[in-house]
Amino acid sequence: MAVRFDPFMCAPSEAVAQLKDWLKSYEEQSSGTGEPIELTLDTSSANAPDLEALAQQNNLSTDAFLQKVIQSDLVVDMLGFTPGFAYVDGVDKSLVAERLSVPRVRVPAGSVGLLSGQIGLYALGGPGGWPIIGRVHERLFDAKRHEPFLLQAGQPISLKLVGG
């Protein structure tokens, strides 16, 4: 992080104090202690093209694989890659998944990708190299909302299965 301030407008000690206040406020907002947002995960074959292969790769049935995913303590770690793309930490560490050898040109908005230890939630459609295990019904991006992106860093989430 870089912090820029005008020393003619603000003394360095005042800038440090303001930054500390901001960081404290940010930590409180992103502590992950709030109620989880429940997302509905559709795992039908059309929405989960890589689910069966990942389950087999992990020597699990599809149901057992999904149970490990949804029983994980999931928290949005950060947003990045594309606007609103949520990196979600807390996935059961025993689940192994690697990036696709050839990324997809287009991954639909709402898609849920999985790499070892992480979930990636695609707020917008676009390219992607994560194996896709489903799609959430909720709109992760809605330009008409006050906060257009549904998820924020530090936000706990839970997944509820439908389909499949």
# chains A, B, ... in the order shown; residues from 1 in each chain; ligands from 1
>>> select_by_dssp(residues="stretch 67-111 of chain A", states="strand (DSSP E)", output="VMD selection string")
chain A and resid 74 to 79 86 to 89 104 to 107 111
>>> select_by_dssp(residues="stretch 25-138 of chain A", states="alpha helix (DSSP H)", output="PyMOL selection string")
chain A and resi 25-29+51-57+62-70
>>> closest_residue(among="A:Ala153, A:Leu23, A:Ala97, A:Ala55", to="A:Ile119", atoms="only C-alpha atoms")
A:Ala97
>>> residues_around(residues="stretch 38-49 of chain A", least_positions_apart="6", cutoff="9 Å", atoms="only C-alpha atoms", output="ChimeraX atom specification")
/A:108,111-112,131-138,156-164
>>> closest_residue(among="A:Arg104, A:Asp92, A:Met78, A:Phe85", to="A:Ala64", atoms="only C-alpha atoms")
A:Asp92
>>> atom_distance(atom1="atom CA of A:Gly120", atom2="atom CA of A:Leu140")
12.0 Å
>>> residues_around(residues="stretch 123-128 of chain A", least_positions_apart="3", cutoff="8 Å", atoms="only C-alpha atoms", output="mmCIF file with N, CA and C atoms, in the first residue's frame")
data_model
loop_
_atom_site.group_PDB
_atom_site.id
_atom_site.type_symbol
_atom_site.label_atom_id
_atom_site.label_comp_id
_atom_site.auth_asym_id
_atom_site.auth_seq_id
_atom_site.Cartn_x
_atom_site.Cartn_y
_atom_site.Cartn_z
ATOM 1 N N THR A 82 -10.753 -9.675 -11.864
ATOM 2 C CA THR A 82 -11.707 -8.850 -12.602
ATOM 3 C C THR A 82 -12.563 -8.150 -11.548
ATOM 4 N N PRO A 83 -13.263 -7.083 -11.893
ATOM 5 C CA PRO A 83 -14.072 -6.395 -10.879
ATOM 6 C C PRO A 83 -15.037 -7.348 -10.170
ATOM 7 N N GLY A 84 -14.959 -7.361 -8.854
ATOM 8 C CA GLY A 84 -15.865 -8.157 -8.040
ATOM 9 C C GLY A 84 -15.526 -9.626 -7.921
ATOM 10 N N PHE A 85 -14.491 -10.111 -8.622
ATOM 11 C CA PHE A 85 -14.106 -11.516 -8.500
ATOM 12 C C PHE A 85 -13.666 -11.753 -7.062
ATOM 13 N N ALA A 86 -14.344 -12.668 -6.377
ATOM 14 C CA ALA A 86 -14.073 -12.905 -4.954
ATOM 15 C C ALA A 86 -13.193 -14.132 -4.767
ATOM 16 N N PRO A 103 -7.277 -22.100 -20.320
ATOM 17 C CA PRO A 103 -8.366 -21.311 -19.726
ATOM 18 C C PRO A 103 -9.556 -21.186 -20.675
ATOM 19 N N ARG A 104 -10.720 -21.046 -20.091
ATOM 20 C CA ARG A 104 -11.928 -20.813 -20.881
ATOM 21 C C ARG A 104 -11.952 -19.353 -21.333
ATOM 22 N N VAL A 105 -12.429 -19.134 -22.540
ATOM 23 C CA VAL A 105 -12.560 -17.778 -23.069
ATOM 24 C C VAL A 105 -13.678 -17.050 -22.338
ATOM 25 N N ARG A 106 -14.735 -17.780 -21.982
ATOM 26 C CA ARG A 106 -15.890 -17.151 -21.330
ATOM 27 C C ARG A 106 -16.416 -18.044 -20.219
ATOM 28 N N VAL A 107 -16.429 -17.502 -19.017
ATOM 29 C CA VAL A 107 -17.033 -18.152 -17.852
ATOM 30 C C VAL A 107 -18.228 -17.287 -17.463
ATOM 31 N N PRO A 108 -19.414 -17.878 -17.313
ATOM 32 C CA PRO A 108 -20.596 -17.071 -16.996
ATOM 33 C C PRO A 108 -20.514 -16.410 -15.614
ATOM 34 N N ALA A 109 -21.139 -15.254 -15.494
ATOM 35 C CA ALA A 109 -21.243 -14.578 -14.195
ATOM 36 C C ALA A 109 -21.917 -15.516 -13.204
ATOM 37 N N GLY A 110 -21.442 -15.488 -11.967
ATOM 38 C CA GLY A 110 -21.999 -16.339 -10.918
ATOM 39 C C GLY A 110 -21.318 -17.684 -10.807
ATOM 40 N N SER A 111 -20.403 -17.989 -11.736
ATOM 41 C CA SER A 111 -19.716 -19.277 -11.691
ATOM 42 C C SER A 111 -18.831 -19.372 -10.462
ATOM 43 N N ARG A 139 -27.246 -12.605 -7.724
ATOM 44 C CA ARG A 139 -26.486 -11.697 -8.590
ATOM 45 C C ARG A 139 -25.337 -11.112 -7.780
ATOM 46 N N LEU A 140 -24.125 -11.475 -8.142
ATOM 47 C CA LEU A 140 -22.953 -10.968 -7.438
ATOM 48 C C LEU A 140 -22.656 -9.527 -7.833
ATOM 49 N N PHE A 141 -23.175 -9.107 -8.975
ATOM 50 C CA PHE A 141 -23.048 -7.719 -9.416
ATOM 51 C C PHE A 141 -24.406 -7.236 -9.897
ATOM 52 N N PHE A 149 -21.472 -4.587 -5.929
ATOM 53 C CA PHE A 149 -20.946 -5.933 -5.722
ATOM 54 C C PHE A 149 -21.465 -6.472 -4.400
#
>>> atom_distance(atom1="atom CA of A:Ser116", atom2="atom CA of A:Arg99")
9.3 Å
>>> closest_residue(among="A:Val75, A:Val69, A:Ala53, A:Ala17", to="A:Glu98", atoms="only C-alpha atoms")
A:Ala53
